[in-house]
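File shown: entry24.cif. Contents: mmCIF, C-alpha atoms and all ligand atoms.
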```cif
data_entry
#
loop_
_atom_site.group_PDB
_atom_site.id
_atom_site.type_symbol
_atom_site.label_atom_id
_atom_site.label_comp_id
_atom_site.auth_asym_id
_atom_site.auth_seq_id
_atom_site.Cartn_x
_atom_site.Cartn_y
_atom_site.Cartn_z
ATOM 1 C CA MET A 1 124.746 172.988 10.852
ATOM 2 C CA GLN A 2 125.306 176.518 9.540
ATOM 3 C CA GLY A 3 127.981 178.810 10.988
ATOM 4 C CA ILE A 4 131.554 178.222 12.096
ATOM 5 C CA GLN A 5 132.359 176.388 15.293
ATOM 6 C CA LEU A 6 135.749 176.146 16.954
ATOM 7 C CA GLN A 7 135.575 173.200 19.321
ATOM 8 C CA ASN A 8 138.244 173.167 22.003
ATOM 9 C CA VAL A 9 140.875 174.335 19.515
ATOM 10 C CA THR A 10 144.530 174.476 20.491
ATOM 11 C CA LYS A 11 147.200 175.553 18.021
ATOM 12 C CA GLU A 12 150.887 175.009 18.668
ATOM 13 C CA TYR A 13 153.859 176.021 16.585
ATOM 14 C CA ALA A 14 157.500 175.045 16.985
ATOM 15 C CA ASN A 15 159.964 177.936 17.217
ATOM 16 C CA SER A 16 163.440 177.888 15.617
ATOM 17 C CA GLN A 17 164.851 176.005 18.646
ATOM 18 C CA GLY A 18 162.125 173.361 18.298
ATOM 19 C CA GLN A 19 160.297 174.565 21.421
ATOM 20 C CA LYS A 20 156.515 174.572 21.387
ATOM 21 C CA ILE A 21 154.636 177.856 21.270
ATOM 22 C CA CYS A 22 150.972 177.652 22.137
ATOM 23 C CA ALA A 23 149.269 180.333 20.013
ATOM 24 C CA LEU A 24 145.676 179.326 20.869
ATOM 25 C CA LYS A 25 144.598 177.491 24.007
ATOM 26 C CA ALA A 26 141.422 175.363 24.056
ATOM 27 C CA VAL A 27 139.335 177.975 22.271
ATOM 28 C CA ASN A 28 135.592 177.462 21.902
ATOM 29 C CA LEU A 29 133.800 179.858 19.608
ATOM 30 C CA SER A 30 130.603 179.829 17.603
ATOM 31 C CA ILE A 31 130.094 182.244 14.695
ATOM 32 C CA LYS A 32 126.566 182.565 13.326
ATOM 33 C CA PRO A 33 125.790 183.395 9.685
ATOM 34 C CA GLY A 34 125.282 187.127 9.191
ATOM 35 C CA GLU A 35 127.267 188.308 12.214
ATOM 36 C CA PHE A 36 129.726 191.219 12.173
ATOM 37 C CA ILE A 37 132.528 190.271 14.541
ATOM 38 C CA GLY A 38 135.552 192.325 15.523
ATOM 39 C CA ILE A 39 138.647 190.577 16.869
ATOM 40 C CA ALA A 40 141.269 192.443 18.873
ATOM 41 C CA GLY A 41 144.185 191.688 21.161
ATOM 42 C CA LYS A 42 147.802 192.604 21.697
ATOM 43 C CA ASN A 43 150.582 191.518 19.315
ATOM 44 C CA GLY A 44 151.070 187.767 19.545
ATOM 45 C CA SER A 45 147.704 187.101 21.229
ATOM 46 C CA GLY A 46 146.674 184.677 18.452
ATOM 47 C CA LYS A 47 144.458 186.772 16.137
ATOM 48 C CA THR A 48 146.061 185.750 12.837
ATOM 49 C CA THR A 49 146.284 182.137 13.963
ATOM 50 C CA LEU A 50 142.542 182.188 14.694
ATOM 51 C CA ALA A 51 141.794 183.764 11.297
ATOM 52 C CA ARG A 52 143.850 181.177 9.433
ATOM 53 C CA LEU A 53 142.143 178.311 11.229
ATOM 54 C CA LEU A 54 138.769 179.477 9.926
ATOM 55 C CA ASN A 55 139.415 178.384 6.335
ATOM 56 C CA GLY A 56 141.928 175.627 6.866
ATOM 57 C CA LEU A 57 145.081 177.653 6.079
ATOM 58 C CA HIS A 58 146.096 176.332 9.515
ATOM 59 C CA LEU A 59 144.803 173.133 11.076
ATOM 60 C CA PRO A 60 144.244 172.788 14.833
ATOM 61 C CA SER A 61 146.831 170.856 16.851
ATOM 62 C CA THR A 62 143.892 169.520 18.847
ATOM 63 C CA GLY A 63 140.166 170.202 18.561
ATOM 64 C CA ARG A 64 138.091 170.825 15.437
ATOM 65 C CA VAL A 65 137.003 173.709 13.233
ATOM 66 C CA ILE A 66 133.642 173.126 11.553
ATOM 67 C CA VAL A 67 132.462 175.390 8.700
ATOM 68 C CA ASN A 68 128.806 174.952 7.703
ATOM 69 C CA GLY A 69 129.054 171.347 8.845
ATOM 70 C CA MET A 70 132.421 170.667 7.143
ATOM 71 C CA ASP A 71 135.547 169.821 9.144
ATOM 72 C CA THR A 72 138.657 171.785 8.022
ATOM 73 C CA GLY A 73 140.698 168.677 8.879
ATOM 74 C CA ARG A 74 139.073 166.749 6.021
ATOM 75 C CA ARG A 75 141.120 167.230 2.875
ATOM 76 C CA ARG A 76 138.238 166.545 0.513
ATOM 77 C CA GLN A 77 136.225 169.453 1.952
ATOM 78 C CA ILE A 78 138.945 172.067 1.997
ATOM 79 C CA LYS A 79 138.228 173.494 -1.489
ATOM 80 C CA GLU A 80 134.583 174.135 -0.617
ATOM 81 C CA ILE A 81 135.542 175.529 2.803
ATOM 82 C CA ARG A 82 137.955 178.016 1.169
ATOM 83 C CA ARG A 83 135.232 179.058 -1.263
ATOM 84 C CA GLN A 84 132.878 179.751 1.599
ATOM 85 C CA VAL A 85 135.417 181.448 3.889
ATOM 86 C CA ALA A 86 137.370 184.095 1.958
ATOM 87 C CA MET A 87 140.414 185.828 3.423
ATOM 88 C CA VAL A 88 141.734 189.347 2.893
ATOM 89 C CA PHE A 89 145.156 190.135 4.328
ATOM 90 C CA GLN A 90 146.916 193.232 5.604
ATOM 91 C CA ASN A 91 148.994 193.984 2.534
ATOM 92 C CA PRO A 92 147.067 193.800 -0.763
ATOM 93 C CA ASP A 93 150.360 193.835 -2.702
ATOM 94 C CA ASN A 94 151.004 190.298 -1.444
ATOM 95 C CA GLN A 95 147.617 189.151 -2.700
ATOM 96 C CA LEU A 96 147.323 190.778 -6.126
ATOM 97 C CA VAL A 97 149.014 188.793 -8.904
ATOM 98 C CA SER A 98 147.278 189.676 -12.193
ATOM 99 C CA PRO A 99 148.292 192.532 -14.526
ATOM 100 C CA VAL A 100 144.720 193.843 -14.879
ATOM 101 C CA ILE A 101 142.020 194.352 -12.238
ATOM 102 C CA GLU A 102 139.272 192.373 -13.977
ATOM 103 C CA GLU A 103 141.631 189.407 -14.432
ATOM 104 C CA GLU A 104 142.510 189.548 -10.758
ATOM 105 C CA VAL A 105 138.840 189.403 -9.825
ATOM 106 C CA ALA A 106 138.102 186.621 -12.358
ATOM 107 C CA PHE A 107 140.986 184.452 -11.087
ATOM 108 C CA GLY A 108 139.051 182.727 -8.265
ATOM 109 C CA PRO A 109 135.834 182.004 -10.201
ATOM 110 C CA GLU A 110 137.931 180.652 -13.116
ATOM 111 C CA ASN A 111 139.435 178.128 -10.718
ATOM 112 C CA LEU A 112 135.918 177.009 -9.849
ATOM 113 C CA ASP A 113 135.455 176.038 -13.523
ATOM 114 C CA LEU A 114 132.376 178.224 -13.853
ATOM 115 C CA PRO A 115 130.940 179.033 -17.312
ATOM 116 C CA GLU A 116 132.424 182.127 -18.963
ATOM 117 C CA GLU A 117 129.143 184.124 -18.739
ATOM 118 C CA GLU A 118 128.831 183.424 -15.012
ATOM 119 C CA ILE A 119 132.424 184.583 -14.439
ATOM 120 C CA GLU A 120 131.740 187.808 -16.365
ATOM 121 C CA ARG A 121 128.526 188.381 -14.423
ATOM 122 C CA ARG A 122 130.334 187.994 -11.102
ATOM 123 C CA VAL A 123 133.223 190.245 -12.133
ATOM 124 C CA ASP A 124 130.805 192.988 -13.241
ATOM 125 C CA GLN A 125 128.798 192.666 -10.052
ATOM 126 C CA VAL A 126 131.645 192.723 -7.514
ATOM 127 C CA LEU A 127 133.506 195.551 -9.284
ATOM 128 C CA GLN A 128 130.305 197.550 -9.054
ATOM 129 C CA ILE A 129 129.946 196.706 -5.353
ATOM 130 C CA VAL A 130 133.433 198.020 -4.567
ATOM 131 C CA GLY A 131 133.085 200.989 -6.945
ATOM 132 C CA LEU A 132 135.898 200.062 -9.339
ATOM 133 C CA SER A 133 133.972 199.255 -12.556
ATOM 134 C CA GLU A 134 135.529 202.149 -14.443
ATOM 135 C CA LEU A 135 139.053 201.056 -13.574
ATOM 136 C CA ARG A 136 138.550 197.409 -14.552
ATOM 137 C CA HIS A 137 141.159 197.488 -17.365
ATOM 138 C CA THR A 138 143.776 199.178 -15.173
ATOM 139 C CA SER A 139 146.718 197.442 -13.517
ATOM 140 C CA PRO A 140 146.160 196.943 -9.759
ATOM 141 C CA HIS A 141 149.603 198.427 -9.239
ATOM 142 C CA MET A 142 148.414 201.827 -10.521
ATOM 143 C CA LEU A 143 145.917 202.095 -7.668
ATOM 144 C CA SER A 144 146.042 203.682 -4.226
ATOM 145 C CA GLY A 145 146.342 201.443 -1.151
ATOM 146 C CA GLY A 146 142.609 201.735 -0.431
ATOM 147 C CA GLN A 147 141.686 200.902 -4.029
ATOM 148 C CA LYS A 148 144.046 197.893 -4.004
ATOM 149 C CA GLN A 149 142.404 196.624 -0.841
ATOM 150 C CA ARG A 150 139.015 197.024 -2.556
ATOM 151 C CA VAL A 151 140.310 194.875 -5.452
ATOM 152 C CA ALA A 152 141.370 192.236 -2.920
ATOM 153 C CA ILE A 153 137.888 192.369 -1.362
ATOM 154 C CA ALA A 154 136.255 192.175 -4.832
ATOM 155 C CA ALA A 155 138.381 189.117 -5.679
ATOM 156 C CA ALA A 156 137.259 187.495 -2.431
ATOM 157 C CA LEU A 157 133.593 188.404 -3.053
ATOM 158 C CA ALA A 158 133.676 186.945 -6.568
ATOM 159 C CA MET A 159 133.855 183.524 -4.923
ATOM 160 C CA ARG A 160 130.444 184.290 -3.336
ATOM 161 C CA PRO A 161 131.712 183.508 0.145
ATOM 162 C CA ALA A 162 129.399 183.210 3.129
ATOM 163 C CA TYR A 163 132.190 184.493 5.417
ATOM 164 C CA LEU A 164 134.743 187.211 4.821
ATOM 165 C CA VAL A 165 137.731 187.186 7.181
ATOM 166 C CA LEU A 166 139.895 190.322 7.080
ATOM 167 C CA ASP A 167 143.224 190.387 8.913
ATOM 168 C CA GLU A 168 144.101 194.039 9.594
ATOM 169 C CA PRO A 169 142.881 195.206 6.162
ATOM 170 C CA THR A 170 143.097 198.898 7.023
ATOM 171 C CA SER A 171 146.450 199.074 8.767
ATOM 172 C CA MET A 172 148.294 200.330 5.668
ATOM 173 C CA LEU A 173 145.647 202.844 4.623
ATOM 174 C CA ASP A 174 145.152 206.528 5.276
ATOM 175 C CA GLN A 175 141.996 207.793 6.993
ATOM 176 C CA THR A 176 139.958 208.092 3.760
ATOM 177 C CA GLY A 177 140.962 204.631 2.506
ATOM 178 C CA ARG A 178 140.298 203.142 5.922
ATOM 179 C CA GLN A 179 136.830 204.660 6.230
ATOM 180 C CA GLY A 180 135.957 203.565 2.676
ATOM 181 C CA ILE A 181 136.785 199.930 3.469
ATOM 182 C CA LEU A 182 134.876 200.010 6.768
ATOM 183 C CA ASP A 183 131.810 201.470 5.031
ATOM 184 C CA TYR A 184 131.945 198.720 2.370
ATOM 185 C CA LEU A 185 132.163 196.034 5.029
ATOM 186 C CA ARG A 186 129.118 197.388 6.839
ATOM 187 C CA GLU A 187 127.186 197.539 3.539
ATOM 188 C CA LEU A 188 128.197 193.979 2.619
ATOM 189 C CA ASN A 189 127.079 192.739 6.001
ATOM 190 C CA LYS A 190 123.790 194.632 5.995
ATOM 191 C CA ARG A 191 122.697 194.320 2.396
ATOM 192 C CA GLN A 192 124.199 190.991 1.311
ATOM 193 C CA GLY A 193 124.177 189.206 4.658
ATOM 194 C CA ILE A 194 127.852 188.268 4.376
ATOM 195 C CA THR A 195 129.366 187.359 7.731
ATOM 196 C CA ILE A 196 132.276 189.686 8.487
ATOM 197 C CA ILE A 197 135.145 188.739 10.785
ATOM 198 C CA LEU A 198 137.402 191.750 11.089
ATOM 199 C CA ILE A 199 140.756 191.752 12.900
ATOM 200 C CA SER A 200 142.161 195.128 13.813
ATOM 201 C CA HIS A 201 144.445 196.874 16.286
ATOM 202 C CA ASN A 202 142.433 200.022 15.749
ATOM 203 C CA MET A 203 139.398 200.140 18.021
ATOM 204 C CA GLU A 204 137.790 202.793 15.809
ATOM 205 C CA ASP A 205 137.566 200.053 13.119
ATOM 206 C CA LEU A 206 135.731 197.705 15.462
ATOM 207 C CA ALA A 207 133.233 200.177 16.925
ATOM 208 C CA GLY A 208 130.627 199.255 14.283
ATOM 209 C CA ALA A 209 130.834 195.490 14.918
ATOM 210 C CA ALA A 210 127.933 193.812 16.699
ATOM 211 C CA ARG A 211 130.196 191.483 18.661
ATOM 212 C CA MET A 212 133.743 191.860 19.827
ATOM 213 C CA ILE A 213 136.153 189.092 20.737
ATOM 214 C CA LEU A 214 139.262 189.930 22.703
ATOM 215 C CA LEU A 215 142.202 187.554 22.745
ATOM 216 C CA GLN A 216 144.892 187.457 25.385
ATOM 217 C CA GLU A 217 147.780 184.995 25.229
ATOM 218 C CA GLY A 218 145.804 182.579 23.070
ATOM 219 C CA SER A 219 142.549 182.642 25.056
ATOM 220 C CA ILE A 220 139.269 184.478 24.529
ATOM 221 C CA VAL A 221 138.942 186.808 27.518
ATOM 222 C CA CYS A 222 135.940 188.813 26.341
ATOM 223 C CA ASP A 223 133.098 188.053 23.937
ATOM 224 C CA ALA A 224 130.589 190.903 24.154
ATOM 225 C CA PRO A 225 129.095 193.832 22.239
ATOM 226 C CA PRO A 226 131.822 196.449 21.582
ATOM 227 C CA TRP A 227 130.357 199.035 24.004
ATOM 228 C CA GLU A 228 130.535 196.480 26.802
ATOM 229 C CA ALA A 229 134.027 195.305 25.844
ATOM 230 C CA PHE A 230 135.310 198.891 25.697
ATOM 231 C CA ASN A 231 133.809 199.819 29.045
ATOM 232 C CA ARG A 232 134.842 196.596 30.761
ATOM 233 C CA GLU A 233 138.224 195.617 29.355
ATOM 234 C CA GLU A 234 139.919 198.955 28.829
ATOM 235 C CA LYS A 235 142.200 198.634 31.841
ATOM 236 C CA ASN A 236 142.908 194.894 31.620
ATOM 237 C CA LEU A 237 143.954 194.830 27.991
ATOM 238 C CA ASP A 238 145.333 198.306 27.366
ATOM 239 C CA LEU A 239 142.513 198.927 24.931
ATOM 240 C CA LYS A 240 142.256 202.445 23.666
ATOM 241 C CA PRO A 241 138.506 202.810 23.111
ATOM 242 C CA PRO A 242 137.295 204.856 20.124
ATOM 243 C CA ASN A 243 137.224 208.599 20.775
ATOM 244 C CA ILE A 244 133.436 208.644 20.786
ATOM 245 C CA VAL A 245 133.375 206.024 23.582
ATOM 246 C CA ARG A 246 135.948 208.004 25.578
ATOM 247 C CA LEU A 247 133.900 211.179 25.154
ATOM 248 C CA ALA A 248 130.775 209.341 26.343
ATOM 249 C CA GLN A 249 132.708 208.009 29.352
ATOM 250 C CA MET A 250 133.922 211.523 30.210
ATOM 251 C CA LEU A 251 130.458 213.062 29.884
ATOM 252 C CA ARG A 252 128.930 210.315 32.031
ATOM 253 C CA LYS A 253 131.559 210.983 34.704
ATOM 254 C CA SER A 254 130.515 214.653 34.593
ATOM 255 C CA GLY A 255 126.952 213.602 35.354
ATOM 256 C CA TYR A 256 125.316 213.522 31.908
ATOM 257 C CA LEU A 257 123.004 210.528 31.670
ATOM 258 C CA LEU A 258 124.077 209.293 28.241
ATOM 259 C CA ASP A 259 123.254 205.784 26.963
ATOM 260 C CA GLU A 260 125.709 203.129 28.041
ATOM 261 C CA GLN A 261 125.869 201.556 24.582
ATOM 262 C CA ILE A 262 127.393 204.431 22.592
ATOM 263 C CA THR A 263 130.169 203.451 20.149
ATOM 264 C CA THR A 264 129.315 205.559 17.083
ATOM 265 C CA LEU A 265 128.765 209.228 16.272
ATOM 266 C CA GLU A 266 125.164 208.512 15.315
ATOM 267 C CA GLN A 267 124.439 206.866 18.674
ATOM 268 C CA MET A 268 126.041 209.822 20.457
ATOM 269 C CA GLU A 269 123.845 212.240 18.506
ATOM 270 C CA ASN A 270 120.681 210.245 19.329
ATOM 271 C CA SER A 271 121.603 209.998 22.985
ATOM 272 C CA ILE A 272 122.308 213.738 23.291
ATOM 273 C CA CYS A 273 119.032 214.579 21.505
ATOM 274 C CA ARG A 274 117.110 212.311 23.906
ATOM 275 C CA LEU A 275 118.833 213.932 26.865
ATOM 276 C CA LEU A 276 118.076 217.464 25.629
ATOM 277 C CA LYS A 277 114.423 216.584 24.954
ATOM 278 C CA SER A 278 114.017 215.107 28.440
ATOM 279 C CA THR A 279 115.367 218.274 30.073
ATOM 280 C CA THR A 280 113.229 220.775 28.110
HETATM 281 N N1 LIG B 1 154.473 180.105 11.795
HETATM 282 C C1 LIG B 1 154.763 180.298 13.094
HETATM 283 N N2 LIG B 1 155.805 179.633 13.660
HETATM 284 C C2 LIG B 1 156.100 179.793 14.968
HETATM 285 N N3 LIG B 1 155.425 180.626 15.800
HETATM 286 C C3 LIG B 1 154.395 181.325 15.281
HETATM 287 C C4 LIG B 1 154.016 181.196 13.906
HETATM 288 N N4 LIG B 1 152.953 182.008 13.664
HETATM 289 C C5 LIG B 1 152.675 182.615 14.848
HETATM 290 N N5 LIG B 1 153.537 182.210 15.800
HETATM 291 C C6 LIG B 1 153.526 182.618 17.223
HETATM 292 O O1 LIG B 1 152.222 182.367 17.731
HETATM 293 C C7 LIG B 1 151.796 183.427 18.587
HETATM 294 C C8 LIG B 1 150.512 184.050 18.042
HETATM 295 O O2 LIG B 1 150.818 184.659 16.794
HETATM 296 P P1 LIG B 1 149.701 185.382 15.888
HETATM 297 O O3 LIG B 1 150.386 185.871 14.650
HETATM 298 O O4 LIG B 1 148.532 184.495 15.735
HETATM 299 O O5 LIG B 1 149.300 186.613 16.837
HETATM 300 P P2 LIG B 1 148.602 187.998 16.449
HETATM 301 O O6 LIG B 1 147.699 188.332 17.579
HETATM 302 O O7 LIG B 1 148.007 187.919 15.089
HETATM 303 O O8 LIG B 1 149.834 188.993 16.436
HETATM 304 P P3 LIG B 1 150.014 190.388 15.618
HETATM 305 O O9 LIG B 1 149.044 191.370 16.209
HETATM 306 O O10 LIG B 1 151.436 190.756 15.892
HETATM 307 O O11 LIG B 1 149.752 190.105 14.164
HETATM 308 C C9 LIG B 1 152.973 184.399 18.665
HETATM 309 O O12 LIG B 1 153.742 184.071 19.796
HETATM 310 C C10 LIG B 1 153.747 184.118 17.401
HETATM 311 O O13 LIG B 1 155.117 184.410 17.563
#
```
Now that the file is in, can you turn its structure into structure tokens?
Ligand SMILES: Nc1ncnc2c1ncn2[C@@H]1O[C@H](COP(=O)(O)OP(=O)(O)OP(=O)(O)O)[C@@H](O)[C@H]1O
Amino acid sequence: MQGIQLQNVTKEYANSQGQKICALKAVNLSIKPGEFIGIAGKNGSGKTTLARLLNGLHLPSTGRVIVNGMDTGRRRQIKEIRRQVAMVFQNPDNQLVSPVIEEEVAFGPENLDLPEEEIERRVDQVLQIVGLSELRHTSPHMLSGGQKQRVAIAAALAMRPAYLVLDEPTSMLDQTGRQGILDYLRELNKRQGITIILISHNMEDLAGAARMILLQEGSIVCDAPPWEAFNREEKNLDLKPPNIVRLAQMLRKSGYLLDEQITTLEQMENSICRLLKSTT
């Protein structure tokens, strides 16, 4: 079966006093190929734990995680699972180890024992996708934060993953770097069909997702399109909806009949145009 399924997954850790901490509680979740999912929740709600369970970096205490039919608890399948589910973390500096960008990107495919020509083809292709072909002989450490994160994404893409899991990839970037990464993710999802699972504290990052999962104290409390999650869960979870959603909420309160599903500037523009046309 294609997709990722979390079946009744609980994850416990032991703290320094040996007491149990339950980071995820009996979570059931099904991720379909090609989805763009945003994951949000307060600090400590279990987001990173969930991300790490998806490619076997963590194993469930109880329950099962199944990736395209493979169980992350089976040691023999873990290499293939990690190839299919790539991870990008918050701080690219912790992920980049090679002195030159193209070597960094080639590192994963080399470990798959692919022929030299195939490795070169993949490196060329993914550097082009992230717009770093011209800097391929540069050291990753010469790059800006946004460029480094793009190298980390290129290295993940070179493994040809079906799923890309990103744990707060934009939190260390300025506005331009952040927007660049978000645009790439949308392109990857749309054009290449790669499933994106994006964790962020910033609701602006998640506005473009098709599905939003909200975690609270280790449980999924909302699994809905972002517009619905923003309108429904704002008070319960201290969510600060994107500015465009807040503007739409304010205008609706003032009596303007805008669409309920607005989360992006483009949707706002379309909704206002429709409204103006209907009143002229
Ligand atoms: N290795 C660990 N050992 C012990 N406890 C842990 C470990 N990793 C996470 N925890 C605990 O599990 C709970 C969930 O942590 P997790 O990092 O998954 O949450 P999060 O939502 O990603 O938080 P943040 O937004 O701060 O990154 C927290 O109470 C955390 O302290």
### Task
Name the residues, by chain letter and number, that sit within 6 Å of ligand LIG 1 (chain B) using all atoms listed in the file, and give them as a PyMOL selection string.
chain A and resi 13-15+23+42-49
### Message
From (133.5, 203.1, 6.4), in the file's coordinates, out to 12 Å: which residues are reached, counting only C-alpha atoms? Answer as a list in words.
### Response
Gly146, Thr170, Gln175, Thr176, Gly177, Arg178, Gln179, Gly180, Ile181, Leu182, Asp183, Tyr184, Leu185, Arg186, Glu187, Leu188, Glu204, Asp205, Leu206, Ala207, Gly208, Ala209 and Thr264 of chain A
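Among A:Arg122, A:Arg160, A:His137, A:Arg246, the residue with the shortest atom-to-atom distance to Arg83 of chain A, counting all atoms listed in the file, is A:Arg160.
Each of A:Cys222, A:Leu135, A:Ala155, A:Ile31 was checked against Ile66 of chain A using all atoms listed in the file; the smallest atom-to-atom distance is that of A:Ile31.
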### Task
Excluding Pro169 of chain A and residues on its chain fewer than 3 positions from it, collect all residues at most 8 Å away from it, counting only C-alpha atoms, and give them as a list in words.
Val88, Phe89, Gln90, Asn91, Gln149, Leu166, Met172, Ile199 and Ser200 of chain A
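Reported to one decimal place, the separation of atom CA of Leu247 of chain A from atom CA of Arg211 of chain A is 21.1 Å.
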#### Entry: Matched chain/residue IDs from the PyMOL selection byres (((chain A and resi 51) around 10) and not hetatm), as a ChimeraX atom specification
/A:39,46-50,52-58,87,165-167,197-199
Residues as selected, C-alpha atoms, written as an mmCIF file, in the coordinates of the input, can you do that?
```cif
data_model
loop_
_atom_site.group_PDB
_atom_site.id
_atom_site.type_symbol
_atom_site.label_atom_id
_atom_site.label_comp_id
_atom_site.auth_asym_id
_atom_site.auth_seq_id
_atom_site.Cartn_x
_atom_site.Cartn_y
_atom_site.Cartn_z
ATOM 1 C CA ILE A 39 138.647 190.577 16.869
ATOM 2 C CA GLY A 46 146.674 184.677 18.452
ATOM 3 C CA LYS A 47 144.458 186.772 16.137
ATOM 4 C CA THR A 48 146.061 185.750 12.837
ATOM 5 C CA THR A 49 146.284 182.137 13.963
ATOM 6 C CA LEU A 50 142.542 182.188 14.694
ATOM 7 C CA ARG A 52 143.850 181.177 9.433
ATOM 8 C CA LEU A 53 142.143 178.311 11.229
ATOM 9 C CA LEU A 54 138.769 179.477 9.926
ATOM 10 C CA ASN A 55 139.415 178.384 6.335
ATOM 11 C CA GLY A 56 141.928 175.627 6.866
ATOM 12 C CA LEU A 57 145.081 177.653 6.079
ATOM 13 C CA HIS A 58 146.096 176.332 9.515
ATOM 14 C CA MET A 87 140.414 185.828 3.423
ATOM 15 C CA VAL A 165 137.731 187.186 7.181
ATOM 16 C CA LEU A 166 139.895 190.322 7.080
ATOM 17 C CA ASP A 167 143.224 190.387 8.913
ATOM 18 C CA ILE A 197 135.145 188.739 10.785
ATOM 19 C CA LEU A 198 137.402 191.750 11.089
ATOM 20 C CA ILE A 199 140.756 191.752 12.900
#
```
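Minimum atom-to-atom distance to Asn8 of chain A, evaluated using all atoms listed in the file, belongs to A:Ser219 out of A:Thr195, A:Asn270, A:Thr138, A:Ser219.
Closest approach to Leu276 of chain A among A:Gly193, A:Leu6, A:Ile21, A:Leu257 is made by A:Leu257 (distances from only C-alpha atoms).
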### Query
Can you tell me how far atom CA of Pro140 of chain A sits from atom CA of Leu164 of chain A, in Å to one decimal?
20.9 Å
